[in-house]
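Engineer: File final_38.txt below, compact mmCIF, C-alpha atoms and all ligand atoms:
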# COMPACT_ATOMS: atom_id res chain seq x y z
CA MET A 1 -22.69 -10.18 23.42
CA LYS A 2 -22.11 -6.81 21.74
CA ILE A 3 -19.70 -4.58 23.61
CA ALA A 4 -18.31 -1.06 23.24
CA VAL A 5 -14.89 0.10 24.36
CA LEU A 6 -14.30 3.68 25.52
CA VAL A 7 -10.75 4.98 25.13
CA SER A 8 -8.76 8.18 25.53
CA GLY A 9 -5.15 7.26 24.88
CA ARG A 10 -2.71 4.62 23.77
CA GLY A 11 -5.15 1.73 23.52
CA SER A 12 -3.01 -1.20 24.60
CA ASN A 13 -5.99 -2.57 26.54
CA LEU A 14 -8.18 -2.18 23.47
CA GLN A 15 -5.61 -4.19 21.51
CA ALA A 16 -5.65 -6.87 24.20
CA LEU A 17 -9.45 -7.01 24.02
CA ILE A 18 -9.39 -7.29 20.21
CA LYS A 19 -6.88 -10.16 20.46
CA ASN A 20 -8.12 -12.02 23.52
CA LEU A 21 -11.87 -11.90 22.90
CA HIS A 22 -11.46 -13.46 19.47
CA GLY A 23 -13.27 -16.78 19.37
CA PHE A 24 -15.51 -15.95 22.33
CA ASP A 25 -19.14 -14.95 22.05
CA VAL A 26 -18.21 -11.29 22.44
CA GLU A 27 -18.06 -8.75 19.63
CA ILE A 28 -16.61 -5.24 19.86
CA VAL A 29 -19.12 -3.25 17.81
CA ALA A 30 -18.09 0.31 18.72
CA VAL A 31 -15.09 2.23 20.02
CA ALA A 32 -15.81 5.70 21.39
CA SER A 33 -13.30 8.34 22.43
CA ASP A 34 -13.30 11.78 24.03
CA ASN A 35 -10.01 12.47 22.24
CA ASP A 36 -9.88 12.51 18.45
CA ASP A 37 -6.06 12.14 18.57
CA ALA A 38 -6.14 8.94 20.63
CA PRO A 39 -3.80 6.34 19.10
CA ALA A 40 -6.38 3.79 20.30
CA LEU A 41 -8.69 4.90 17.48
CA ARG A 42 -6.13 3.69 14.94
CA HIS A 43 -6.19 0.21 16.49
CA ALA A 44 -9.98 0.17 16.18
CA ARG A 45 -9.90 1.25 12.55
CA THR A 46 -7.26 -1.36 11.72
CA ALA A 47 -9.61 -3.96 13.19
CA ASN A 48 -12.54 -2.52 11.18
CA ILE A 49 -14.45 -1.51 14.29
CA PRO A 50 -16.70 1.57 13.92
CA THR A 51 -15.33 4.55 15.87
CA GLY A 52 -17.01 7.63 17.29
CA THR A 53 -15.31 10.72 18.69
CA PHE A 54 -17.09 12.88 21.22
CA ILE A 55 -14.91 15.85 22.10
CA ALA A 56 -15.99 18.12 24.95
CA GLU A 57 -15.99 21.29 22.81
CA SER A 58 -18.80 19.91 20.64
CA PHE A 59 -21.25 19.67 23.54
CA ASP A 60 -22.86 22.06 26.05
CA ASP A 61 -21.72 19.97 29.02
CA ARG A 62 -20.53 16.56 30.12
CA THR A 63 -24.03 15.13 30.47
CA ALA A 64 -24.95 16.13 26.91
CA ARG A 65 -21.77 14.51 25.63
CA ASP A 66 -22.34 11.33 27.62
CA LEU A 67 -25.94 11.04 26.43
CA ALA A 68 -24.74 11.38 22.83
CA ILE A 69 -22.29 8.54 23.47
CA ALA A 70 -25.04 6.46 25.11
CA ASP A 71 -27.37 7.05 22.13
CA TRP A 72 -24.63 5.99 19.69
CA LEU A 73 -23.93 2.84 21.73
CA ASP A 74 -27.65 2.01 21.84
CA GLU A 75 -27.90 2.45 18.06
CA ASN A 76 -25.14 -0.13 17.78
CA GLY A 77 -26.91 -2.58 20.09
CA VAL A 78 -24.26 -2.36 22.80
CA GLU A 79 -24.99 -4.42 25.92
CA LEU A 80 -21.76 -3.94 27.85
CA VAL A 81 -19.46 -0.90 28.03
CA VAL A 82 -15.75 -1.39 28.72
CA LEU A 83 -13.60 1.53 29.87
CA ALA A 84 -10.06 0.88 28.67
CA GLY A 85 -8.04 3.94 29.59
CA TYR A 86 -11.05 6.28 29.29
CA MET A 87 -9.91 9.36 31.17
CA ALA A 88 -13.15 11.38 31.35
CA LEU A 89 -15.54 10.91 34.26
CA LEU A 90 -18.88 9.50 33.15
CA SER A 91 -21.92 11.43 34.33
CA GLY A 92 -24.79 9.96 36.36
CA PRO A 93 -27.31 9.65 33.51
CA PHE A 94 -24.84 7.56 31.45
CA ILE A 95 -24.16 5.27 34.39
CA GLU A 96 -27.90 4.93 35.00
CA ARG A 97 -28.48 3.96 31.33
CA PHE A 98 -25.88 1.18 31.60
CA ARG A 99 -26.30 0.30 35.28
CA ASP A 100 -24.12 -2.73 36.18
CA ARG A 101 -23.05 -2.98 32.54
CA ILE A 102 -19.91 -0.80 32.67
CA VAL A 103 -16.53 -2.34 33.44
CA ASN A 104 -13.28 -0.47 34.16
CA VAL A 105 -9.66 -1.52 34.60
CA HIS A 106 -7.61 0.31 37.22
CA PRO A 107 -3.87 -0.04 37.96
CA SER A 108 -4.10 -0.53 41.74
CA LEU A 109 -5.56 -2.92 44.26
CA LEU A 110 -8.76 -0.99 44.97
CA PRO A 111 -9.96 0.42 47.29
CA SER A 112 -6.35 1.58 47.66
CA PHE A 113 -5.28 4.38 45.34
CA PRO A 114 -8.43 5.28 43.38
CA GLY A 115 -8.43 8.11 40.86
CA THR A 116 -5.69 9.41 38.62
CA ARG A 117 -1.99 8.72 39.09
CA ALA A 118 -2.72 5.51 40.99
CA VAL A 119 0.68 4.00 40.29
CA GLU A 120 2.49 7.18 41.30
CA GLN A 121 0.48 7.24 44.54
CA ALA A 122 1.32 3.60 45.28
CA VAL A 123 5.05 4.08 44.57
CA ALA A 124 5.09 7.22 46.74
CA ALA A 125 3.41 5.28 49.55
CA GLY A 126 6.19 2.70 49.35
CA VAL A 127 3.89 -0.29 48.88
CA LYS A 128 5.50 -3.66 48.18
CA VAL A 129 2.47 -5.31 46.63
CA PHE A 130 0.96 -3.65 43.57
CA GLY A 131 -1.88 -4.87 41.42
CA VAL A 132 -4.73 -4.42 39.00
CA THR A 133 -8.49 -4.30 39.57
CA VAL A 134 -11.34 -4.89 37.14
CA HIS A 135 -14.54 -3.47 38.58
CA LEU A 136 -18.05 -2.31 37.76
CA VAL A 137 -18.51 1.42 37.46
CA ASP A 138 -20.83 3.37 39.74
CA GLU A 139 -21.16 7.11 40.41
CA GLY A 140 -18.04 7.23 42.62
CA ILE A 141 -14.39 7.34 41.63
CA ASP A 142 -13.22 3.74 41.08
CA SER A 143 -15.65 2.73 43.84
CA GLY A 144 -17.86 0.15 42.10
CA PRO A 145 -17.98 -3.55 43.03
CA ILE A 146 -14.78 -5.48 42.39
CA LEU A 147 -14.90 -8.20 39.75
CA LEU A 148 -11.28 -9.38 39.51
CA GLN A 149 -7.97 -8.48 41.10
CA ARG A 150 -4.43 -9.67 40.63
CA ALA A 151 -1.51 -8.71 42.84
CA VAL A 152 2.21 -8.64 42.12
CA GLN A 153 5.02 -8.25 44.61
CA LEU A 154 7.46 -5.61 43.41
CA ASP A 155 10.14 -4.79 45.91
CA GLY A 156 12.53 -1.92 45.33
CA TYR A 157 10.82 -0.24 42.38
CA SER A 158 10.88 3.55 42.52
CA ASP A 159 9.99 4.39 38.93
CA PRO A 160 6.20 4.56 38.39
CA THR A 161 6.62 4.13 34.63
CA GLU A 162 8.45 0.85 35.13
CA VAL A 163 5.80 -0.38 37.59
CA HIS A 164 2.98 0.68 35.27
CA GLN A 165 4.53 -1.29 32.41
CA ILE A 166 4.49 -4.43 34.56
CA LEU A 167 0.92 -3.75 35.66
CA GLN A 168 -0.21 -3.27 32.07
CA THR A 169 0.82 -6.82 31.17
CA ILE A 170 -1.55 -7.93 33.94
CA GLU A 171 -4.29 -5.58 32.71
CA HIS A 172 -4.08 -7.11 29.25
CA GLU A 173 -5.06 -10.49 30.69
CA LEU A 174 -7.41 -9.42 33.45
CA LEU A 175 -9.65 -7.05 31.48
CA PRO A 176 -10.54 -9.57 28.74
CA GLU A 177 -11.11 -12.17 31.46
CA GLY A 178 -13.51 -9.79 33.24
CA VAL A 179 -15.37 -9.05 30.01
CA ARG A 180 -15.74 -12.77 29.27
CA LEU A 181 -17.13 -13.32 32.76
CA MET A 182 -19.64 -10.49 32.39
CA ALA A 183 -20.67 -11.71 28.94
CA SER A 184 -21.21 -15.24 30.22
CA GLY A 185 -23.84 -13.98 32.66
CA ALA A 186 -21.96 -15.51 35.57
CA VAL A 187 -21.73 -12.30 37.61
CA THR A 188 -24.39 -11.23 40.11
CA ARG A 189 -24.51 -8.95 43.12
CA ASP A 190 -24.61 -10.58 46.55
CA PRO A 191 -28.17 -9.85 47.79
CA GLY A 192 -26.82 -9.59 51.33
CA ASN A 193 -24.10 -7.12 50.35
CA PRO A 194 -24.62 -5.45 46.95
CA GLN A 195 -21.04 -4.11 46.95
CA ARG A 196 -19.88 -7.72 46.67
CA LEU A 197 -20.04 -9.60 43.36
CA ILE A 198 -20.65 -13.32 43.18
CA ILE A 199 -19.08 -15.17 40.28
CA GLY A 200 -20.60 -18.47 39.23
CA ARG A 201 -24.03 -19.78 38.52
C1 LIG B 301 -4.33 1.69 31.90
O1 LIG B 301 -3.18 1.54 32.67
C2 LIG B 301 -5.56 1.70 32.77
O2 LIG B 301 -5.41 1.02 33.95
C3 LIG B 301 -5.76 3.15 33.03
O3 LIG B 301 -5.36 3.80 31.86
C4 LIG B 301 -4.37 3.03 31.20
C5 LIG B 301 -4.74 2.93 29.75
O4 LIG B 301 -3.75 2.33 28.96
N1 LIG B 301 -7.14 3.38 33.43
P1 LIG B 301 -4.04 1.94 27.44
O5 LIG B 301 -4.58 3.18 26.75
O6 LIG B 301 -5.03 0.82 27.42
O7 LIG B 301 -2.71 1.53 26.88
Go through the file and emit its structure as structure tokens.
Ligand code: GRF
Structural biologist:
Amino acid sequence: MKIAVLVSGRGSNLQALIKNLHGFDVEIVAVASDNDDAPALRHARTANIPTGTFIAESFDDRTARDLAIADWLDENGVELVVLAGYMALLSGPFIERFRDRIVNVHPSLLPSFPGTRAVEQAVAAGVKVFGVTVHLVDEGIDSGPILLQRAVQLDGYSDPTEVHQILQTIEHELLPEGVRLMASGAVTRDPGNPQRLIIGR
């Protein structure tokens, strides 16, 4: 399956995808970014993956930008879109074009702590169990059906940066696992409850 990865920043999840999808029937054919300074783009270029930058200033509005990204992904035959630290909100028409074919990784146990600064929110709330969610993307904020989750008990941590570092090691395993599951065709929506995903044939 041909996939695209959308990035805005550091790109450690992109690196994990490049490494952990090797040998599976999944090929990263495009890396798109809303930030032409994103270190993630360097990782893509090192791995000889075509990159595209779509900065807001070059477009009339978000929808125009997102449709340009969607067109570029289509030209590259992309079947699945992976958000790996993509910080811009995707507009409705993009989500419609790739309905149920967009995966995101989020550093909390959704539906707790959606949106930005999830780890800071969780630390401020004094939670003892943190975690990572891989989910499908819909029009809401981190509200799409949950594909995978992994929890970790972290008592006594008050530094969000430290917690995020621990969560990222989980992300680097969970996101490639989620992509492999999606690519294998093993994921369907529960007809009785479309918010629930069923894994397995
Ligand atoms: C990750 O922690 C992810 O959960 C969040 O943004 C971060 C991106 O990190 N959505 P990186 O750019 O993959 O290193």
Engineer: As JSON, what would the box around stretch 20-39 of chain A look like: edges along x, y and z, 6 Å added on every side, centre and edge lengths in Å to one decimal?
Structural biologist:
{"center_x": -11.5, "center_y": -2.1, "center_z": 20.9, "size_x": 27.3, "size_y": 41.3, "size_z": 18.2}
Engineer: Which residues, written as a PyMOL selection string, have at least one atom at most 7 Å from stretch 165-180 of chain A, with all atoms listed in the file counted and residues fewer than 6 positions away on the same chain left out?
Structural biologist: chain A and resi 13+16-17+20-21+105+107+131-132+134+147-148
Engineer: Ranking A:Pro160, A:Pro194, A:Pro145, A:Gly77 by minimum distance to ligand LIG 301 (chain B) and counting all atoms listed in the file, which one comes first?
Structural biologist: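 Going through A:Pro160, A:Pro194, A:Pro145, A:Gly77 one by one, the smallest distance to ligand LIG 301 (chain B) is for A:Pro160.
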Engineer: Rounded to one decimal, what separation in Å do you get between atom CA of A:Leu109 and atom O3 of ligand LIG 301 (chain B)?
Structural biologist: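 So the two atoms, atom CA of A:Leu109 and atom O3 of ligand LIG 301 (chain B), lie 14.1 Å apart.
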Engineer: Please determine, counting all atoms listed in the file, which residue among A:Tyr86, A:Phe98, A:Tyr157, A:Phe130 has the shortest atom-to-atom distance to ligand LIG 301 (chain B).
Structural biologist: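 Once distances to ligand LIG 301 (chain B) are computed over all atoms listed in the file, the minimum belongs to A:Tyr86.
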Engineer: Hey, which of A:Val29, A:Arg97, A:Ala183, A:Ala47 ends up closest to A:Ala68? Count only C-alpha atoms.
Structural biologist: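 The closest residue to A:Ala68 is A:Arg97.
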Engineer: What does the distance between atom C5 of ligand LIG 301 (chain B) and atom CA of A:Val7 come to in Å, to one decimal place?
Structural biologist: 7.9 Å
Engineer: Compare A:Ala64, A:Ile49, A:Leu110, A:Leu73 by their minimum atom-to-atom distance to ligand LIG 301 (chain B), counting all atoms listed in the file, and give me the closest one.
Structural biologist: A:Leu110
Engineer: Which of these residues is nearest to ligand LIG 301 (chain B), using all atoms listed in the file: A:Leu136, A:Ile69, A:Ala32, A:Ala84?
Structural biologist: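 Nearest candidate to ligand LIG 301 (chain B) out of A:Leu136, A:Ile69, A:Ala32, A:Ala84: A:Ala84.
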